[in-house]
file target06.cif (mmCIF, C-alpha atoms)
data_input
loop_
_atom_site.group_PDB
_atom_site.id
_atom_site.type_symbol
_atom_site.label_atom_id
_atom_site.label_comp_id
_atom_site.auth_asym_id
_atom_site.auth_seq_id
_atom_site.Cartn_x
_atom_site.Cartn_y
_atom_site.Cartn_z
ATOM 1 C CA MET A 1 -67.319 24.808 33.553
ATOM 2 C CA ILE A 2 -68.815 23.107 36.595
ATOM 3 C CA VAL A 3 -71.751 20.828 35.774
ATOM 4 C CA MET A 4 -74.235 20.331 38.593
ATOM 5 C CA LEU A 5 -75.652 16.944 39.518
ATOM 6 C CA LEU A 6 -79.364 17.245 40.243
ATOM 7 C CA GLU A 7 -81.572 14.921 42.270
ATOM 8 C CA LEU A 8 -84.840 14.660 40.339
ATOM 9 C CA LYS A 9 -87.943 13.157 41.929
ATOM 10 C CA ASN A 10 -90.688 13.743 39.370
ATOM 11 C CA PRO A 11 -91.017 10.626 37.193
ATOM 12 C CA HIS A 12 -91.944 12.738 34.165
ATOM 13 C CA SER A 13 -88.819 14.879 34.451
ATOM 14 C CA ILE A 14 -86.667 11.765 34.879
ATOM 15 C CA LEU A 15 -88.309 9.991 31.935
ATOM 16 C CA ALA A 16 -87.745 13.030 29.704
ATOM 17 C CA ALA A 17 -84.073 13.167 30.730
ATOM 18 C CA ILE A 18 -83.636 9.477 29.896
ATOM 19 C CA ARG A 19 -85.255 9.920 26.488
ATOM 20 C CA HIS A 20 -83.350 13.068 25.540
ATOM 21 C CA ARG A 21 -79.928 12.413 27.101
ATOM 22 C CA SER A 22 -79.618 9.072 28.823
ATOM 23 C CA HIS A 23 -75.835 9.531 29.079
ATOM 24 C CA ASP A 24 -76.438 12.271 31.669
ATOM 25 C CA VAL A 25 -78.557 10.043 33.912
ATOM 26 C CA ARG A 26 -75.941 8.885 36.378
ATOM 27 C CA GLU A 27 -78.168 6.724 38.565
ATOM 28 C CA LEU A 28 -81.837 5.805 38.949
ATOM 29 C CA ARG A 29 -82.779 4.686 42.449
ATOM 30 C CA ILE A 30 -85.910 2.553 42.799
ATOM 31 C CA ARG A 31 -87.158 1.657 46.280
ATOM 32 C CA ASN A 32 -89.982 -0.596 45.140
ATOM 33 C CA ALA A 33 -89.154 -3.865 43.397
ATOM 34 C CA HIS A 34 -92.389 -3.583 41.409
ATOM 35 C CA PRO A 35 -93.020 0.097 40.714
ATOM 36 C CA GLY A 36 -96.339 0.997 39.184
ATOM 37 C CA GLY A 37 -97.647 3.574 36.765
ATOM 38 C CA VAL A 38 -95.188 5.977 35.193
ATOM 39 C CA TRP A 39 -92.370 4.743 37.461
ATOM 40 C CA GLN A 40 -92.543 1.377 35.705
ATOM 41 C CA GLU A 41 -92.138 3.254 32.407
ATOM 42 C CA VAL A 42 -89.157 5.127 33.879
ATOM 43 C CA LEU A 43 -87.530 1.869 34.982
ATOM 44 C CA GLN A 44 -88.032 0.242 31.571
ATOM 45 C CA ALA A 45 -86.650 3.287 29.752
ATOM 46 C CA ALA A 46 -83.579 3.343 32.006
ATOM 47 C CA GLN A 47 -82.919 -0.359 31.474
ATOM 48 C CA GLN A 48 -83.313 -0.063 27.694
ATOM 49 C CA SER A 49 -81.000 2.955 27.507
ATOM 50 C CA GLY A 50 -78.355 1.419 29.733
ATOM 51 C CA SER A 51 -78.725 4.022 32.485
ATOM 52 C CA PRO A 52 -77.486 2.700 35.862
ATOM 53 C CA VAL A 53 -80.328 1.413 38.048
ATOM 54 C CA VAL A 54 -80.065 0.754 41.775
ATOM 55 C CA MET A 55 -82.850 -1.315 43.324
ATOM 56 C CA GLU A 56 -82.867 -0.319 46.967
ATOM 57 C CA ARG A 57 -84.178 -2.487 49.724
ATOM 58 C CA GLY A 58 -87.894 -2.015 50.111
ATOM 59 C CA PRO A 59 -89.924 -1.806 53.340
ATOM 60 C CA SER A 60 -90.085 -4.732 55.692
ATOM 61 C CA LYS A 61 -92.793 -7.332 55.108
ATOM 62 C CA ASN A 62 -93.497 -7.274 58.819
ATOM 63 C CA ARG A 63 -96.504 -5.007 59.293
ATOM 64 C CA SER A 64 -95.262 -3.893 62.712
ATOM 65 C CA ASP A 65 -92.025 -2.605 61.143
ATOM 66 C CA ARG A 66 -93.669 -0.590 58.419
ATOM 67 C CA LYS A 67 -93.819 3.179 58.677
ATOM 68 C CA PRO A 68 -96.800 5.035 57.257
ATOM 69 C CA PRO A 69 -95.959 6.630 53.873
ATOM 70 C CA SER A 70 -94.924 10.257 54.104
ATOM 71 C CA ARG A 71 -96.256 12.948 51.798
ATOM 72 C CA GLU A 72 -92.847 13.098 50.113
ATOM 73 C CA THR A 73 -92.729 9.325 49.543
ATOM 74 C CA GLU A 74 -96.234 9.307 48.069
ATOM 75 C CA ARG A 75 -95.405 12.203 45.760
ATOM 76 C CA THR A 76 -92.180 10.724 44.412
ATOM 77 C CA GLY A 77 -93.136 7.067 44.524
ATOM 78 C CA GLY A 78 -90.068 6.386 46.645
ATOM 79 C CA ALA A 79 -87.709 6.823 43.691
ATOM 80 C CA SER A 80 -85.283 9.446 42.386
ATOM 81 C CA ALA A 81 -82.505 9.953 39.867
ATOM 82 C CA ALA A 82 -79.137 11.692 39.856
ATOM 83 C CA VAL A 83 -79.019 13.622 36.580
ATOM 84 C CA ARG A 84 -76.490 16.094 35.251
ATOM 85 C CA GLU A 85 -77.899 19.491 34.354
ATOM 86 C CA ARG A 86 -78.569 19.812 30.641
ATOM 87 C CA LYS A 87 -76.492 21.853 28.242
ATOM 88 C CA LEU A 88 -78.320 25.040 27.278
ATOM 89 C CA ASN A 89 -78.580 26.439 23.764
ATOM 90 C CA ALA A 90 -76.956 29.477 22.233
ATOM 91 C CA LEU A 91 -79.303 32.357 21.445
ATOM 92 C CA GLU A 92 -78.741 31.839 17.716
ATOM 93 C CA GLU A 93 -80.140 28.314 17.983
ATOM 94 C CA LEU A 94 -83.470 29.695 19.265
ATOM 95 C CA LEU A 95 -84.062 32.357 16.640
ATOM 96 C CA PRO A 96 -85.467 31.642 13.177
ATOM 97 C CA ALA A 97 -82.828 31.334 10.488
ATOM 98 C CA SER A 98 -85.186 31.467 7.509
ATOM 99 C CA ASP A 99 -85.445 34.441 5.188
ATOM 100 C CA PRO A 100 -88.177 35.599 5.161
ATOM 101 C CA PRO A 101 -88.899 34.655 8.818
ATOM 102 C CA PRO A 102 -91.939 32.520 9.692
ATOM 103 C CA GLU A 103 -95.347 34.209 9.598
ATOM 104 C CA SER A 104 -96.329 32.846 12.994
ATOM 105 C CA GLY A 105 -94.986 30.965 16.007
ATOM 106 C CA LEU A 106 -94.308 31.584 19.692
ATOM 107 C CA TRP A 107 -91.100 32.279 21.597
ATOM 108 C CA MET A 108 -90.693 33.453 25.209
ATOM 109 C CA ALA A 109 -88.371 35.482 27.416
ATOM 110 C CA LEU A 110 -88.456 35.538 31.226
ATOM 111 C CA ASP A 111 -87.191 38.826 32.661
ATOM 112 C CA CYS A 112 -85.669 38.099 36.082
ATOM 113 C CA LEU A 113 -88.249 35.648 37.400
ATOM 114 C CA GLN A 114 -87.066 34.558 40.839
ATOM 115 C CA ASP A 115 -89.355 31.712 41.886
ATOM 116 C CA PRO A 116 -88.147 28.308 40.602
ATOM 117 C CA HIS A 117 -91.739 27.027 40.753
ATOM 118 C CA ASN A 118 -92.869 29.777 38.386
ATOM 119 C CA VAL A 119 -89.998 29.131 35.998
ATOM 120 C CA GLY A 120 -90.668 25.387 35.990
ATOM 121 C CA ALA A 121 -94.414 25.853 35.471
ATOM 122 C CA ILE A 122 -93.852 28.279 32.586
ATOM 123 C CA LEU A 123 -91.430 25.884 30.909
ATOM 124 C CA ARG A 124 -94.010 23.117 31.231
ATOM 125 C CA SER A 125 -96.647 25.319 29.578
ATOM 126 C CA ALA A 126 -94.160 26.434 26.928
ATOM 127 C CA SER A 127 -93.429 22.820 26.018
ATOM 128 C CA PHE A 128 -97.139 21.965 25.954
ATOM 129 C CA PHE A 129 -98.006 24.833 23.610
ATOM 130 C CA GLY A 130 -95.102 24.268 21.237
ATOM 131 C CA VAL A 131 -92.992 27.318 22.077
ATOM 132 C CA ARG A 132 -89.931 27.331 19.818
ATOM 133 C CA GLY A 133 -87.450 28.796 22.275
ATOM 134 C CA VAL A 134 -87.183 30.370 25.727
ATOM 135 C CA ILE A 135 -84.708 33.073 26.759
ATOM 136 C CA LEU A 136 -83.836 33.260 30.464
ATOM 137 C CA THR A 137 -81.880 35.961 32.264
ATOM 138 C CA LYS A 138 -78.796 34.966 34.267
ATOM 139 C CA ASP A 139 -78.766 37.724 36.871
ATOM 140 C CA ARG A 140 -81.362 38.179 39.604
ATOM 141 C CA SER A 141 -83.166 35.093 38.373
ATOM 142 C CA ALA A 142 -84.110 31.706 39.769
ATOM 143 C CA PRO A 143 -81.364 29.089 39.470
ATOM 144 C CA LEU A 144 -82.092 26.191 37.132
ATOM 145 C CA ASN A 145 -82.132 23.699 39.976
ATOM 146 C CA ALA A 146 -83.888 20.373 40.550
ATOM 147 C CA THR A 147 -87.107 22.172 41.484
ATOM 148 C CA VAL A 148 -87.282 23.816 38.050
ATOM 149 C CA TYR A 149 -86.655 20.469 36.326
ATOM 150 C CA ASP A 150 -89.258 18.627 38.391
ATOM 151 C CA ILE A 151 -91.955 21.312 38.161
ATOM 152 C CA SER A 152 -91.433 21.524 34.395
ATOM 153 C CA ALA A 153 -92.315 17.800 34.182
ATOM 154 C CA GLY A 154 -89.991 17.299 31.216
ATOM 155 C CA GLY A 155 -90.268 20.797 29.762
ATOM 156 C CA MET A 156 -86.621 21.480 30.566
ATOM 157 C CA GLU A 157 -85.574 18.722 28.188
ATOM 158 C CA GLY A 158 -87.531 19.248 24.994
ATOM 159 C CA LEU A 159 -87.308 23.038 24.738
ATOM 160 C CA ARG A 160 -84.567 25.169 23.251
ATOM 161 C CA ILE A 161 -83.459 27.286 26.206
ATOM 162 C CA CYS A 162 -80.714 29.873 26.536
ATOM 163 C CA GLN A 163 -79.530 32.175 29.311
ATOM 164 C CA VAL A 164 -78.342 35.685 28.556
ATOM 165 C CA VAL A 165 -76.697 38.436 30.557
ATOM 166 C CA ASN A 166 -78.183 41.245 28.463
ATOM 167 C CA LEU A 167 -81.860 40.628 27.714
ATOM 168 C CA ARG A 168 -82.247 43.955 25.919
ATOM 169 C CA ARG A 169 -79.587 42.963 23.394
ATOM 170 C CA ALA A 170 -81.140 39.499 23.019
ATOM 171 C CA LEU A 171 -84.492 41.089 22.186
ATOM 172 C CA GLU A 172 -82.798 43.318 19.637
ATOM 173 C CA GLN A 173 -81.360 40.215 17.978
ATOM 174 C CA ALA A 174 -84.789 38.575 18.042
ATOM 175 C CA LYS A 175 -86.285 41.572 16.256
ATOM 176 C CA GLU A 176 -83.496 41.481 13.682
ATOM 177 C CA ALA A 177 -84.405 37.825 13.075
ATOM 178 C CA GLY A 178 -88.002 38.833 12.311
ATOM 179 C CA LEU A 179 -89.743 38.271 15.639
ATOM 180 C CA TRP A 180 -92.227 40.690 17.181
ATOM 181 C CA ILE A 181 -91.771 41.409 20.896
ATOM 182 C CA LEU A 182 -94.936 41.261 23.007
ATOM 183 C CA GLY A 183 -94.570 42.533 26.561
ATOM 184 C CA THR A 184 -97.017 41.587 29.299
ATOM 185 C CA SER A 185 -98.155 43.916 32.067
ATOM 186 C CA GLU A 186 -101.285 44.258 34.165
ATOM 187 C CA HIS A 187 -101.001 48.002 33.534
ATOM 188 C CA ALA A 188 -100.965 47.743 29.722
ATOM 189 C CA GLU A 189 -103.619 49.694 27.829
ATOM 190 C CA ARG A 190 -104.443 46.915 25.368
ATOM 191 C CA ASP A 191 -106.080 43.615 26.228
ATOM 192 C CA LEU A 192 -104.598 40.428 24.782
ATOM 193 C CA SER A 193 -107.736 40.025 22.636
ATOM 194 C CA GLU A 194 -106.706 43.139 20.682
ATOM 195 C CA ILE A 195 -103.370 41.633 19.651
ATOM 196 C CA GLU A 196 -102.928 40.212 16.147
ATOM 197 C CA ARG A 197 -102.299 36.534 16.809
ATOM 198 C CA LYS A 198 -100.852 35.433 13.478
ATOM 199 C CA ARG A 199 -97.380 36.846 13.949
ATOM 200 C CA PRO A 200 -94.093 35.363 15.156
ATOM 201 C CA TRP A 201 -94.410 36.617 18.744
ATOM 202 C CA LEU A 202 -91.758 36.561 21.434
ATOM 203 C CA ILE A 203 -93.690 36.955 24.692
ATOM 204 C CA VAL A 204 -91.900 38.641 27.591
ATOM 205 C CA VAL A 205 -92.940 37.768 31.153
ATOM 206 C CA GLY A 206 -91.641 40.097 33.838
ATOM 207 C CA ASN A 207 -90.549 39.667 37.445
ATOM 208 C CA GLU A 208 -93.202 38.449 39.899
ATOM 209 C CA GLN A 209 -93.174 41.702 41.894
ATOM 210 C CA THR A 210 -91.924 44.479 39.628
ATOM 211 C CA GLY A 211 -92.781 43.227 36.145
ATOM 212 C CA MET A 212 -90.595 43.947 33.144
ATOM 213 C CA ARG A 213 -87.603 46.216 33.578
ATOM 214 C CA ARG A 214 -87.668 49.577 31.802
ATOM 215 C CA LEU A 215 -85.012 48.656 29.244
ATOM 216 C CA THR A 216 -86.926 45.475 28.485
ATOM 217 C CA SER A 217 -90.199 47.351 28.052
ATOM 218 C CA GLU A 218 -88.560 49.739 25.604
ATOM 219 C CA GLN A 219 -87.789 46.830 23.281
ATOM 220 C CA CYS A 220 -91.420 45.672 23.097
ATOM 221 C CA ASP A 221 -93.352 46.290 19.881
ATOM 222 C CA GLN A 222 -96.606 45.973 21.821
ATOM 223 C CA THR A 223 -97.642 45.399 25.427
ATOM 224 C CA CYS A 224 -100.807 43.659 26.534
ATOM 225 C CA ARG A 225 -102.715 42.640 29.644
ATOM 226 C CA LEU A 226 -105.157 39.942 30.680
ATOM 227 C CA THR A 227 -108.331 41.721 31.781
ATOM 228 C CA SER A 228 -109.919 40.424 34.974
ATOM 229 C CA LEU A 229 -113.529 39.250 34.721
ATOM 230 C CA GLY A 230 -113.970 38.865 38.469
ATOM 231 C CA GLU A 231 -112.911 40.274 41.815
ATOM 232 C CA VAL A 232 -109.272 39.142 41.637
ATOM 233 C CA ASP A 233 -107.395 41.663 39.498
ATOM 234 C CA SER A 234 -104.129 39.800 38.837
ATOM 235 C CA LEU A 235 -102.682 36.329 38.236
ATOM 236 C CA ASN A 236 -99.582 34.464 39.293
ATOM 237 C CA ALA A 237 -96.846 34.879 36.666
ATOM 238 C CA SER A 238 -96.907 31.247 35.581
ATOM 239 C CA VAL A 239 -100.711 31.108 35.394
ATOM 240 C CA ALA A 240 -100.802 34.309 33.340
ATOM 241 C CA ALA A 241 -98.100 32.977 31.020
ATOM 242 C CA GLY A 242 -100.048 29.762 30.466
ATOM 243 C CA ALA A 243 -103.241 31.687 29.689
ATOM 244 C CA ILE A 244 -101.436 33.937 27.198
ATOM 245 C CA LEU A 245 -99.846 30.972 25.449
ATOM 246 C CA ALA A 246 -103.203 29.216 25.225
ATOM 247 C CA LEU A 247 -104.935 32.227 23.697
ATOM 248 C CA LEU A 248 -102.164 33.047 21.213
ATOM 249 C CA SER A 249 -101.763 29.448 20.059
ATOM 250 C CA ALA A 250 -105.476 28.835 19.551
ATOM 251 C CA PRO A 251 -106.445 28.193 15.893
#
call {"tool": "encode", "arguments": {"input": "target06.cif", "output": "structure tokens"}}
result
Amino acid sequence: MIVMLLELKNPHSILAAIRHRSHDVRELRIRNAHPGGVWQEVLQAAQQSGSPVVMERGPSKNRSDRKPPSRETERTGGASAAVRERKLNALEELLPASDPPPESGLWMALDCLQDPHNVGAILRSASFFGVRGVILTKDRSAPLNATVYDISAGGMEGLRICQVVNLRRALEQAKEAGLWILGTSEHAERDLSEIERKRPWLIVVGNEQTGMRRLTSEQCDQTCRLTSLGEVDSLNASVAAGAILALLSAP
């Protein structure tokens, strides 16, 4: 198995990697001898964990030699880290093992999402709202690259995540484990407000353009929509996913 080495630039994604698996952080590169804010926290965490740190030469003290900061430098703080991709979970590690299964809780499945920014944003929301596991499809889906890690802002590290070839079969296993499958579609007849919240729901988010595949839809116990209250009649996949998680996790 080939393990990719990712160049992460978001300090939150790097900090999460250090905290969860410092042995996979191959090198932290700092271009400012006195980094501020969260980068200082990243540097301290790396030093405490024994992760290799390279202090690169900073900008010249001569004002005439200094270049104005670029948008990329301002965004990343002039630092980055080489981090091995994380080991994903097996499907069985995501599903509840208790008998009877839990009465509530949230899980997710992403059905062939192709935009790494959407995947990363959804994983960030999933981590924020305490999702217990996320199932990703392998085929026709966004690669789990550095963009996904950085946009997730640490969500890639703390979540139980698996990739499957056959999502339909994975949903069948989830149902056998006691989960209810909730599909999402702008064409669904029922609004999210009509859904019973206190159940162990596995929420399925479909492809950005075509939505859930037919075989995926057939596995759903219920399908819901977010009803527009204004002129715009649809939401970006990651925004919709975040809204659904917020509403279903509310007390």
call {"tool": "residues_around", "arguments": {"input": "target06.cif", "residues": "Leu182 in chain A", "least_positions_apart": "6", "cutoff": "10 Å", "atoms": "only C-alpha atoms", "output": "ChimeraX atom specification"}}
result
/A:107-109,192,195,200-205,217,219-224
call {"tool": "atom_distance", "arguments": {"input": "target06.cif", "atom1": "CA of Ser249 in chain A", "atom2": "CA of Thr210 in chain A"}}
result
26.6 Å
call {"tool": "residues_around", "arguments": {"input": "target06.cif", "residues": "Ala237 in chain A", "least_positions_apart": "6", "cutoff": "9 Å", "atoms": "all atoms listed in the file", "output": "compact mmCIF listing (two decimals) with C-alpha atoms, in the coordinates of the input"}}
result
# COMPACT_ATOMS: atom_id res chain seq x y z
CA LEU A 113 -88.25 35.65 37.40
CA ASN A 118 -92.87 29.78 38.39
CA VAL A 119 -90.00 29.13 36.00
CA ILE A 122 -93.85 28.28 32.59
CA VAL A 205 -92.94 37.77 31.15
CA GLY A 206 -91.64 40.10 33.84
CA ASN A 207 -90.55 39.67 37.44
CA GLU A 208 -93.20 38.45 39.90
call {"tool": "atom_distance", "arguments": {"input": "target06.cif", "atom1": "CA of Arg84 in chain A", "atom2": "CA of Gly242 in chain A"}}
result
27.7 Å
call {"tool": "residues_around", "arguments": {"input": "target06.cif", "residues": "Ala246 in chain A", "least_positions_apart": "5", "cutoff": "9 Å", "atoms": "only C-alpha atoms", "output": "short mmCIF file (atom, residue, chain, number, x, y, z; two decimals) with C-alpha atoms, keeping the file's coordinate frame"}}
result
data_model
loop_
_atom_site.label_atom_id
_atom_site.label_comp_id
_atom_site.auth_asym_id
_atom_site.auth_seq_id
_atom_site.Cartn_x
_atom_site.Cartn_y
_atom_site.Cartn_z
CA SER A 125 -96.65 25.32 29.58
CA PHE A 129 -98.01 24.83 23.61
CA ALA A 241 -98.10 32.98 31.02
#
call {"tool": "residues_near_point", "arguments": {"input": "target06.cif", "point": "(-75.4, 11.8, 39.7)", "cutoff": "8 Å", "atoms": "all atoms listed in the file", "output": "compact mmCIF listing (two decimals) with C-alpha atoms, in the frame of the given file"}}
result
# COMPACT_ATOMS: atom_id res chain seq x y z
CA LEU A 5 -75.65 16.94 39.52
CA LEU A 6 -79.36 17.24 40.24
CA GLU A 7 -81.57 14.92 42.27
CA VAL A 25 -78.56 10.04 33.91
CA ARG A 26 -75.94 8.88 36.38
CA GLU A 27 -78.17 6.72 38.56
CA ALA A 81 -82.50 9.95 39.87
CA ALA A 82 -79.14 11.69 39.86
CA VAL A 83 -79.02 13.62 36.58
CA ARG A 84 -76.49 16.09 35.25
call {"tool": "resolve_selection", "arguments": {"input": "target06.cif", "expression": "the PyMOL selection byres ((chain A and resi 152-157) around 12)", "output": "PyMOL selection string"}}
result
chain A and resi 8-22+24+83-89+116-134+144-151+158-162+238
call {"tool": "atom_distance", "arguments": {"input": "target06.cif", "atom1": "CA of Arg169 in chain A", "atom2": "CA of Ala97 in chain A"}}
result
17.7 Å
call {"tool": "residues_around", "arguments": {"input": "target06.cif", "residues": "Pro102 in chain A", "least_positions_apart": "3", "cutoff": "8 Å", "atoms": "all atoms listed in the file", "output": "CSV table (one decimal) with C-alpha atoms, keeping the file's coordinate frame"}}
result
chain,number,residue,atom,x,y,z
A,96,PRO,CA,-85.5,31.6,13.2
A,98,SER,CA,-85.2,31.5,7.5
A,105,GLY,CA,-95.0,31.0,16.0
A,178,GLY,CA,-88.0,38.8,12.3
A,200,PRO,CA,-94.1,35.4,15.2
call {"tool": "residues_around", "arguments": {"input": "target06.cif", "residues": "Leu91 in chain A", "least_positions_apart": "6", "cutoff": "8 Å", "atoms": "all atoms listed in the file", "output": "MDAnalysis selection string"}}
result
chainID A and resid 135 162:164 170
call {"tool": "residues_near_point", "arguments": {"input": "target06.cif", "point": "(-109.6, 40.5, 31.3)", "cutoff": "12 Å", "atoms": "all atoms listed in the file", "output": "PyMOL selection string"}}
result
chain A and resi 185-194+224-235+240+243-244
call {"tool": "closest_residue", "arguments": {"input": "target06.cif", "among": "A:Ser104, A:Asn236, A:Ser80, A:Gln114", "to": "Val54 in chain A", "atoms": "only C-alpha atoms"}}
result
A:Ser80
call {"tool": "resolve_selection", "arguments": {"input": "target06.cif", "expression": "the PyMOL selection byres ((chain A and resi 141) around 9)", "output": "list in words"}}
result
Leu110, Asp111, Cys112, Leu113, Gln114, Asp115, Pro116, Leu136, Thr137, Lys138, Asp139, Arg140, Ala142, Pro143 and Asn207 of chain A
call {"tool": "closest_residue", "arguments": {"input": "target06.cif", "among": "A:Arg168, A:Leu106, A:Pro52, A:Arg213", "to": "Trp180 in chain A", "atoms": "all atoms listed in the file"}}
result
A:Leu106
call {"tool": "decode", "arguments": {"input": "target06.cif", "residues": "range 121-136 of chain A", "atoms": "N, CA and C atoms", "output": "mmCIF file, in the first residue's frame"}}
result
data_model
loop_
_atom_site.group_PDB
_atom_site.id
_atom_site.type_symbol
_atom_site.label_atom_id
_atom_site.label_comp_id
_atom_site.auth_asym_id
_atom_site.auth_seq_id
_atom_site.Cartn_x
_atom_site.Cartn_y
_atom_site.Cartn_z
ATOM 1 N N ALA A 121 -15.190 20.550 4.008
ATOM 2 C CA ALA A 121 -16.119 21.354 4.801
ATOM 3 C C ALA A 121 -17.122 20.479 5.540
ATOM 4 N N ILE A 122 -17.593 19.417 4.894
ATOM 5 C CA ILE A 122 -18.540 18.506 5.547
ATOM 6 C C ILE A 122 -17.866 17.784 6.703
ATOM 7 N N LEU A 123 -16.630 17.358 6.513
ATOM 8 C CA LEU A 123 -15.920 16.681 7.601
ATOM 9 C C LEU A 123 -15.687 17.628 8.780
ATOM 10 N N ARG A 124 -15.456 18.886 8.488
ATOM 11 C CA ARG A 124 -15.307 19.868 9.571
ATOM 12 C C ARG A 124 -16.611 19.998 10.355
ATOM 13 N N SER A 125 -17.739 20.110 9.630
ATOM 14 C CA SER A 125 -19.036 20.196 10.292
ATOM 15 C C SER A 125 -19.346 18.915 11.057
ATOM 16 N N ALA A 126 -19.018 17.772 10.454
ATOM 17 C CA ALA A 126 -19.279 16.491 11.106
ATOM 18 C C ALA A 126 -18.528 16.394 12.429
ATOM 19 N N SER A 127 -17.289 16.839 12.451
ATOM 20 C CA SER A 127 -16.505 16.819 13.679
ATOM 21 C C SER A 127 -17.097 17.770 14.712
ATOM 22 N N PHE A 128 -17.526 18.936 14.262
ATOM 23 C CA PHE A 128 -18.091 19.950 15.158
ATOM 24 C C PHE A 128 -19.360 19.446 15.835
ATOM 25 N N PHE A 129 -20.207 18.751 15.073
ATOM 26 C CA PHE A 129 -21.497 18.312 15.592
ATOM 27 C C PHE A 129 -21.470 16.885 16.171
ATOM 28 N N GLY A 130 -20.287 16.339 16.344
ATOM 29 C CA GLY A 130 -20.168 15.065 17.034
ATOM 30 C C GLY A 130 -20.638 13.856 16.258
ATOM 31 N N VAL A 131 -20.511 13.901 14.926
ATOM 32 C CA VAL A 131 -20.875 12.736 14.112
ATOM 33 C C VAL A 131 -19.980 11.564 14.491
ATOM 34 N N ARG A 132 -20.567 10.376 14.573
ATOM 35 C CA ARG A 132 -19.839 9.210 15.096
ATOM 36 C C ARG A 132 -19.083 8.431 14.029
ATOM 37 N N GLY A 133 -19.336 8.715 12.778
ATOM 38 C CA GLY A 133 -18.618 8.038 11.709
ATOM 39 C C GLY A 133 -19.070 8.543 10.356
ATOM 40 N N VAL A 134 -18.152 8.561 9.393
ATOM 41 C CA VAL A 134 -18.449 9.037 8.043
ATOM 42 C C VAL A 134 -18.004 7.984 7.031
ATOM 43 N N ILE A 135 -18.919 7.614 6.141
ATOM 44 C CA ILE A 135 -18.621 6.660 5.074
ATOM 45 C C ILE A 135 -18.412 7.436 3.779
ATOM 46 N N LEU A 136 -17.296 7.214 3.127
ATOM 47 C CA LEU A 136 -16.992 7.851 1.842
ATOM 48 C C LEU A 136 -16.947 6.793 0.748
#
